[in-house]
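Here is the structure we will look at, set down as structure tokens.
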Amino acid sequence: MQHLMKDVFIIGITGGTGSGKTTVVNQIINELPTDEVCIISQDSYYHKTDNLSYEQRTKINFDHPRAIDFDLLTAHLQLLKNGEIIEQPIYSFVAHNRTKDTVKTHPRKVIIIEGILIFNSKDLRDLCDIKIFVHADADERLIRRARRDIKERGRDIDEVLNRYQNTLKPMHQQFIEPTKNYADIIIPGGGHNKVAINIVKTVISERL
């Protein structure tokens with residue numbers, strides 16, 4: 001069923017791992033009626049890895065743009081913009097693969113797309129009405145990432161630090177930091193920057 005959405009407002013939010021993107025997203029959402037906003041997470045759109053063994057999957061570099069199914073992500077965003085419902089994939093970071101389940105996602109007035117690599121796709125950038133880069137110092141990001149991976153993803157500290165050194169840091173410098181140049185708004189200090197977040201909220205409420 002297609003009902004063309006009038007003036008869908010798409011917000012792209014990126015920044016390094018642990019930069020405070022989620023906090024920024026939540027602060028924006030809290031301002032909006034729940035039936036007017038939906039969130040699309042880049043993390044749901046990692047490529048299917050059915051063809052790989054678990055051992056091979058653990059070696060995937062999830063911080064490289066190649067790991068993302070940008071075609072599906074862009075297509076889904078376009079469908080939502082056209083007022084159509086999508087089946088958003090669900091990705092398991094434990095199995096390193098998509099699950100069999102999906103989440104029925106309805107089109108909304110405001111669509112927030114968030115993830116560390118979203119501005120690496122020109123098609124995706126072109127769909128965004130406003131592009132936001134959340135900036136935080138590297139040590140801040142490492143601490144947050146370590147806490148999250150140990151608590152939520154069952155990793156140990158050595159694994160987290162090795163991964164940071166060998167993958168996260170070089171990938172951040174190569175693929176994430178340069179996309180700051182595409183941002184309309186850069187939020188330094190992550191989710192703690194009330195002034196910048198208020199400016200974003202103002203822009204959104206003017207559009208709505």
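Residues are referred to by chain and number: the chain letter is A, B, ... according to the order shown in the structure tokens, the number counts from 1 in that chain, and ligands are numbered separately from 1 in the order shown.
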
Need to verify the contact set: A:Tyr54, 8 Å, only C-alpha atoms, exclusion of same-chain residues closer than 4 positions in sequence. Can you return it as an NGL selection string? :A and (58 or 95-96)

So that I can see what lies close to A:Ile60, please list as a ChimeraX atom specification the residues with an atom at most 12 Å from it, counting only C-alpha atoms and leaving out residues fewer than 6 positions away in the same chain. /A:46-49,52-54,66-68,93,95-97,163,167

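Backbone DSSP over stretch 94-133 of chain A gives helix (DSSP H, G or I) for Ile118, Phe119, Asn120, Lys122, Asp123, Leu124, Arg125, Asp126 and Leu127 of chain A.
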
One-decimal distance in Å that lies between atom CA of A:Leu79 and atom CA of A:Ile199: 28.5 Å

Set the distance at 10 Å and use only C-alpha atoms: which residues neighbour A:Lys169 once local chain neighbours fewer than 4 positions away are removed? I'd like the list as number ranges by chain. A: 16-17, 63, 138, 142, 163-165, 173-174, 176

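Close contacts of A:Ser121, defined as residues with an atom at most 10 Å away when counting only C-alpha atoms, with chain neighbours fewer than 5 positions off set aside, comprise Pro65, Ile68, Phe70, Asp71, Thr74, Asp126 and Thr179 of chain A.
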
For A:Lys100, find every residue with an atom within 10 Å (counting only C-alpha atoms), except residues of its own chain fewer than 3 positions away, and show them as a ChimeraX atom specification. /A:89-91,97

Please provide as a list in words all residues within 12 Å of A:Lys201, with the sequence filter that same-chain residues fewer than 2 positions apart are discarded (counting only C-alpha atoms).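 Skipping anything fewer than 2 positions along the chain leaves Ile11, Val24, Val25, Asn26, Gln27, Ile28, Ile29, Asn30, Glu31, Leu32, Val110, Ile130, Ile185, Lys194, Val195, Ala196, Ile197, Asn198, Ile199, Val203, Ile204, Ser205, Glu206, Arg207 and Leu208 of chain A.
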
Could you save the residues just selected, with C-alpha atoms, as a short mmCIF file (atom, residue, chain, number, x, y, z; two decimals), in the first residue's frame?
```cif
data_model
loop_
_atom_site.label_atom_id
_atom_site.label_comp_id
_atom_site.auth_asym_id
_atom_site.auth_seq_id
_atom_site.Cartn_x
_atom_site.Cartn_y
_atom_site.Cartn_z
CA ILE A 11 18.36 13.18 8.88
CA VAL A 24 22.13 12.68 19.96
CA VAL A 25 19.54 10.51 18.20
CA ASN A 26 17.65 9.96 21.48
CA GLN A 27 17.64 13.65 22.32
CA ILE A 28 16.14 14.45 18.92
CA ILE A 29 13.54 11.68 19.19
CA ASN A 30 12.44 12.82 22.64
CA GLU A 31 11.31 16.09 21.09
CA LEU A 32 9.12 14.45 18.46
CA VAL A 110 11.07 12.26 10.10
CA ILE A 130 20.42 17.31 6.79
CA ILE A 185 26.31 20.40 11.18
CA LYS A 194 23.18 20.95 24.34
CA VAL A 195 23.59 24.06 22.17
CA ALA A 196 24.27 22.12 18.97
CA ILE A 197 21.48 19.64 19.69
CA ASN A 198 19.05 22.51 20.28
CA ILE A 199 20.00 23.99 16.91
CA VAL A 203 15.81 23.05 12.25
CA ILE A 204 13.59 19.97 12.53
CA SER A 205 10.65 21.74 14.14
CA GLU A 206 10.82 24.47 11.47
CA ARG A 207 10.57 21.77 8.80
CA LEU A 208 7.62 20.10 10.52
#
```

All residues 7 Å or closer to A:Cys38, only C-alpha atoms, same chain fewer than 5 positions away omitted, as a PyMOL selection string: chain A and resi 108+110-112

Just the number, please: distance in Å from atom CA of A:Pro178 to atom CA of A:Arg145, one decimal. 20.4 Å

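The gap separating atom CA of A:Lys81 from atom CA of A:Leu117 is 20.6 Å, in Å to one decimal.
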
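Checking A:Thr22, A:Asn120, A:Asn166, A:Asn61 one by one against A:Gly191, counting only C-alpha atoms, you find the shortest gap at A:Thr22.
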